Amino acid sequence: MQSIYTGKRPIHSFGERLQKEHLRLTAFMCFLGLTLVLPVITYGQDQQRKQDSLREKSRQPLGRFPDDAVVTRGSFDRSINVPGTSGAFRVGGNVIVNTNYDFDNLGFQDISFQPTIPLDGSSEDGENQFRTHVRFSKMNFDYRTPTRVGEFRVFIEFDFFNPAQNEEFVNDYGLRLRHATAELGNWKFGQFWSGFMDVFSQPETADPGGPLGLPSKRNPGIFYVKGERSANAFGFGIENPTTDLSGETDLQKSESLPSFVGFYKISGSWGYARFAAMSVQQRSTEDDLITGAVHLSGRLNLPFIKEHDNLAYGFQAGEGFTHYYSSFVVDLDGIIRADGQIESTRVLGGFVAYQHWWSERARSTFNVSFLDLDHPSGFNPLAYANGYRLSGNLVITPIRDFTIGAELNYDTIETFDGSQGEGLRLEFVTRFDF
């Protein structure tokens, strides 16, 4: 409707104008709200989707194998599973620091080695010596997996007790292979401790060589063991023959037979006892001799004295097996005469060791050991004939995987012609296991 005065539309009332402005303001606010809120909602939804995706991925294993986690606990102590397989492996070992002080010259310093002890009255007798080294530190790899015929295991271990070394500048040591074995069920193939020796009867000592009358040899071979983890066990096998003879060594021939080894073990709450036997072949161009040895060993529990106290023992007798002792050099198993006939060295050795536990973390071992070689006539007059060792120690494990100890060793020796020597060594050991 137009005004009769101006011919224009009439001016609306104030209320109508306010209502129109309110509609415009409401529309603008709705537009502004959608502009600001929608991105926020969209961003929140995107972040939620990302979090859900990450959460889902965290439940999934990484790597190529969707059915296994990257790192999970393995089937044996300190092992981890191999992704995508049923096997587990472990890398282990220890760092061992040996520190020795010899009040008398004991010859070889890295380990007690009686044949190198100077004889009384010699130019080297009575000289004090100090030595520290890490040559017996070890590293090993252990892999195991179940099969339908039993557990399959591969074990390889090295230390640094190799003659190749340079101490003048950098104190480097060459690697030495200790063990390399493959096991399937009850069968063991490769190089490991000889079946003739008893590892579990070896007393705890700071000296790496252990007591004197204890066979200690790693030997390649094939071995079968039944019931190794049961109360009664037995085993048998063949090992590499390594006879060392003196005399007319140009007449010596390589062995044509392996060393045959067998053992039987019985155990209970009282401890255990083990009996082992083996054969040894000695050959020359004119003779072929089969000798042998027996070994009785074990450990008796003594809880009536104190919990964990025990008495370990081992006794050996036979002919032609001195090369099974770590304390000896070559050429002591026997002698080849000028006519090619062989005479073997008779051997008698043993040890007794008592271990007392002062507390859950501290213990001491006191042992006496001996070795007697009855050489046939014609041997070098200065060849080792017999020896004795007395030792005692204190060993403490303040925390897991860390052990310290101190030990005092007294050694006496006698040669084939009756000459004698002796020595006293104080030894400290620090061991870190991993």
# chains A, B, ... in the order shown; residues from 1 in each chain; ligands from 1
$ residues_around --residues "Phe234 in chain A" --least-positions-apart "3" --cutoff "6 Å" --atoms "only C-alpha atoms" --output "CSV table (one decimal) with C-alpha atoms, in the first residue's frame"
chain,number,residue,atom,x,y,z
A,225,VAL,CA,72.2,-90.2,27.2
A,226,LYS,CA,69.0,-91.7,28.6
A,263,PHE,CA,78.5,-94.0,32.5
A,264,TYR,CA,75.7,-94.8,35.0
$ residues_around --residues "Gly418 in chain A" --least-positions-apart "5" --cutoff "12 Å" --atoms "only C-alpha atoms" --output "VMD selection string"
chain A and resid 119 to 120 380 to 387 413
$ write_last_selection --atoms "C-alpha atoms" --output "CSV table (one decimal), in the first residue's frame"
chain,number,residue,atom,x,y,z
A,119,LEU,CA,111.9,-77.1,41.3
A,120,ASP,CA,113.5,-76.2,44.6
A,380,ASN,CA,112.7,-88.0,31.3
A,381,PRO,CA,114.0,-87.7,34.9
A,382,LEU,CA,112.3,-84.3,35.3
A,383,ALA,CA,108.9,-85.5,34.0
A,384,TYR,CA,106.0,-84.8,36.4
A,385,ALA,CA,105.4,-87.8,38.7
A,386,ASN,CA,102.9,-86.6,41.4
A,387,GLY,CA,101.4,-83.6,43.1
A,413,ILE,CA,105.1,-81.5,43.0
$ atom_distance --atom1 "CA of Asn219 in chain A" --atom2 "CA of Glu239 in chain A"
6.3 Å
$ residues_around --residues "Arg135 in chain A" --least-positions-apart "3" --cutoff "9 Å" --atoms "only C-alpha atoms" --output "short mmCIF file (atom, residue, chain, number, x, y, z; two decimals) with C-alpha atoms, in the first residue's frame"
data_model
loop_
_atom_site.label_atom_id
_atom_site.label_comp_id
_atom_site.auth_asym_id
_atom_site.auth_seq_id
_atom_site.Cartn_x
_atom_site.Cartn_y
_atom_site.Cartn_z
CA ILE A 96 85.50 -63.12 34.44
CA VAL A 97 88.41 -61.17 35.89
CA ASN A 98 91.14 -63.33 37.49
CA ASP A 110 96.71 -67.82 34.14
CA LYS A 138 82.90 -66.64 27.82
CA ASP A 159 86.36 -68.11 25.52
CA PHE A 160 89.60 -66.16 25.04
CA PHE A 161 92.12 -68.69 26.32
CA ASN A 162 93.92 -68.87 22.99
CA TYR A 173 93.25 -62.39 23.13
CA GLY A 174 92.35 -64.92 20.47
#
$ atom_distance --atom1 "CA of Trp357 in chain A" --atom2 "CA of Val199 in chain A"
20.6 Å
$ closest_atom_pairs --of "range 360-401 of chain A" --to "range 301-312 of chain A" --cutoff "10 Å" --atoms "only C-alpha atoms" --output "CSV"
residue,atom,partner,partner_atom,distance
A:Glu360,CA,A:His308,CA,9.1
A:Arg363,CA,A:Asp309,CA,9.0
A:Ser364,CA,A:Asp309,CA,9.7
A:Thr365,CA,A:Leu311,CA,9.4
A:Phe366,CA,A:Leu311,CA,9.7
A:Asn367,CA,A:Ala312,CA,9.0
$ write_last_selection --atoms "N, CA and C atoms" --output "PDB file, in the first residue's frame"
ATOM      1  N   GLU A 360      72.799 -67.280  52.733  1.00  0.00           N
ATOM      2  CA  GLU A 360      72.228 -67.528  51.405  1.00  0.00           C
ATOM      3  C   GLU A 360      73.103 -66.969  50.298  1.00  0.00           C
ATOM      4  N   ARG A 363      79.508 -68.522  50.777  1.00  0.00           N
ATOM      5  CA  ARG A 363      79.885 -69.909  51.008  1.00  0.00           C
ATOM      6  C   ARG A 363      81.392 -70.069  50.849  1.00  0.00           C
ATOM      7  N   SER A 364      81.905 -71.172  51.372  1.00  0.00           N
ATOM      8  CA  SER A 364      83.321 -71.498  51.277  1.00  0.00           C
ATOM      9  C   SER A 364      83.471 -72.947  50.856  1.00  0.00           C
ATOM     10  N   THR A 365      84.520 -73.224  50.099  1.00  0.00           N
ATOM     11  CA  THR A 365      84.844 -74.588  49.682  1.00  0.00           C
ATOM     12  C   THR A 365      86.286 -74.889  50.075  1.00  0.00           C
ATOM     13  N   PHE A 366      86.468 -76.027  50.737  1.00  0.00           N
ATOM     14  CA  PHE A 366      87.796 -76.475  51.148  1.00  0.00           C
ATOM     15  C   PHE A 366      88.044 -77.834  50.487  1.00  0.00           C
ATOM     16  N   ASN A 367      89.127 -77.932  49.730  1.00  0.00           N
ATOM     17  CA  ASN A 367      89.350 -79.210  49.057  1.00  0.00           C
ATOM     18  C   ASN A 367      90.815 -79.620  49.082  1.00  0.00           C
TER      19      ASN A 367
END
$ closest_residue --among "A:Ile238, A:Ala206, A:Leu251, A:Val149" --to "Arg337 in chain A" --atoms "only C-alpha atoms"
A:Leu251
$ closest_residue --among "A:Thr145, A:Thr243, A:Gln316, A:Ser391" --to "Ile342 in chain A" --atoms "only C-alpha atoms"
A:Thr243
$ closest_residue --among "A:Asn100, A:Ser122, A:Asn140, A:Ser326" --to "Gly209 in chain A" --atoms "only C-alpha atoms"
A:Ser326
$ atom_distance --atom1 "CA of Thr116 in chain A" --atom2 "CA of Val429 in chain A"
21.9 Å
$ closest_residue --among "A:Tyr410, A:Phe260, A:Phe103, A:Phe432" --to "Leu390 in chain A" --atoms "only C-alpha atoms"
A:Tyr410
$ select_by_dssp --residues "range 111-305 of chain A" --states "strand (DSSP E)" --output "MDAnalysis selection string"
chainID A and resid 129:133 138:147 150:166 172:184 187:193 218:226 232:239 246:247 259:268 271:283 288:301
$ select_by_dssp --residues "range 80-235 of chain A" --states "helix (DSSP H, G or I)" --output "VMD selection string"
chain A and resid 114 to 116 199 to 201
$ closest_atom_pairs --of "range 163-228 of chain A" --to "range 278-282 of chain A" --cutoff "12 Å" --atoms "only C-alpha atoms" --output "tab-separated table"
residue	atom	partner	partner_atom	distance
A:Ser194	CA	A:Met278	CA	10.3
A:Gly195	CA	A:Met278	CA	8.8
A:Phe196	CA	A:Met278	CA	6.7
A:Met197	CA	A:Met278	CA	10.3
$ residues_around --residues "Ser230 in chain A" --least-positions-apart "4" --cutoff "10 Å" --atoms "only C-alpha atoms" --output "number ranges by chain"
A: 226, 265-268
$ write_last_selection --atoms "N, CA and C atoms" --output "mmCIF file, in the first residue's frame"
data_model
loop_
_atom_site.group_PDB
_atom_site.id
_atom_site.type_symbol
_atom_site.label_atom_id
_atom_site.label_comp_id
_atom_site.auth_asym_id
_atom_site.auth_seq_id
_atom_site.Cartn_x
_atom_site.Cartn_y
_atom_site.Cartn_z
ATOM 1 N N LYS A 226 70.366 -91.378 28.317
ATOM 2 C CA LYS A 226 68.988 -91.709 28.649
ATOM 3 C C LYS A 226 68.706 -91.287 30.083
ATOM 4 N N LYS A 265 74.494 -93.231 36.421
ATOM 5 C CA LYS A 265 74.312 -92.270 37.508
ATOM 6 C C LYS A 265 73.043 -92.591 38.277
ATOM 7 N N ILE A 266 73.138 -92.552 39.591
ATOM 8 C CA ILE A 266 71.986 -92.745 40.465
ATOM 9 C C ILE A 266 71.913 -91.566 41.426
ATOM 10 N N SER A 267 70.715 -91.070 41.692
ATOM 11 C CA SER A 267 70.570 -89.888 42.534
ATOM 12 C C SER A 267 69.328 -89.994 43.404
ATOM 13 N N GLY A 268 69.296 -89.185 44.439
ATOM 14 C CA GLY A 268 68.172 -89.125 45.353
ATOM 15 C C GLY A 268 68.295 -87.904 46.242
#
$ closest_residue --among "A:Trp187, A:Tyr354, A:Phe113, A:Tyr101" --to "Gly392 in chain A" --atoms "only C-alpha atoms"
A:Tyr354
$ residues_around --residues "Val154 in chain A" --least-positions-apart "5" --cutoff "10 Å" --atoms "only C-alpha atoms" --output "short mmCIF file (atom, residue, chain, number, x, y, z; two decimals) with N, CA and C atoms, in the first residue's frame"
data_model
loop_
_atom_site.label_atom_id
_atom_site.label_comp_id
_atom_site.auth_asym_id
_atom_site.auth_seq_id
_atom_site.Cartn_x
_atom_site.Cartn_y
_atom_site.Cartn_z
N PHE A 89 65.88 -68.86 21.54
CA PHE A 89 67.32 -68.77 21.61
C PHE A 89 67.73 -67.83 22.74
N PHE A 141 75.94 -69.17 22.50
CA PHE A 141 74.66 -69.08 21.79
C PHE A 141 73.94 -70.40 21.99
N ASP A 142 72.67 -70.33 22.40
CA ASP A 142 71.88 -71.54 22.71
C ASP A 142 70.55 -71.45 21.98
N TYR A 143 70.27 -72.43 21.11
CA TYR A 143 68.99 -72.45 20.37
C TYR A 143 68.31 -73.79 20.63
N ARG A 144 67.00 -73.74 20.90
CA ARG A 144 66.24 -74.97 21.17
C ARG A 144 64.86 -74.88 20.52
N THR A 145 64.39 -76.02 20.05
CA THR A 145 63.06 -76.09 19.48
C THR A 145 62.52 -77.51 19.63
N ALA A 180 80.75 -76.96 20.79
CA ALA A 180 79.97 -76.81 19.56
C ALA A 180 79.20 -78.11 19.38
N THR A 181 77.94 -78.12 19.80
CA THR A 181 77.16 -79.35 19.81
C THR A 181 75.79 -79.16 19.18
N ALA A 182 75.28 -80.27 18.67
CA ALA A 182 73.89 -80.34 18.22
C ALA A 182 73.27 -81.55 18.90
N GLU A 183 72.10 -81.34 19.50
CA GLU A 183 71.42 -82.41 20.23
C GLU A 183 70.04 -82.64 19.63
N LEU A 184 69.67 -83.90 19.53
CA LEU A 184 68.33 -84.27 19.07
C LEU A 184 67.85 -85.41 19.95
N LYS A 188 73.65 -86.61 21.24
CA LYS A 188 74.45 -85.40 21.23
C LYS A 188 75.62 -85.60 20.25
N PHE A 189 75.82 -84.60 19.38
CA PHE A 189 76.88 -84.66 18.37
C PHE A 189 77.74 -83.40 18.49
N GLY A 190 79.06 -83.58 18.40
CA GLY A 190 79.93 -82.41 18.41
C GLY A 190 80.91 -82.44 19.56
#
$ closest_residue --among "A:Thr397, A:Gln202, A:Ser112, A:Asn94" --to "Met139 in chain A" --atoms "only C-alpha atoms"
A:Asn94
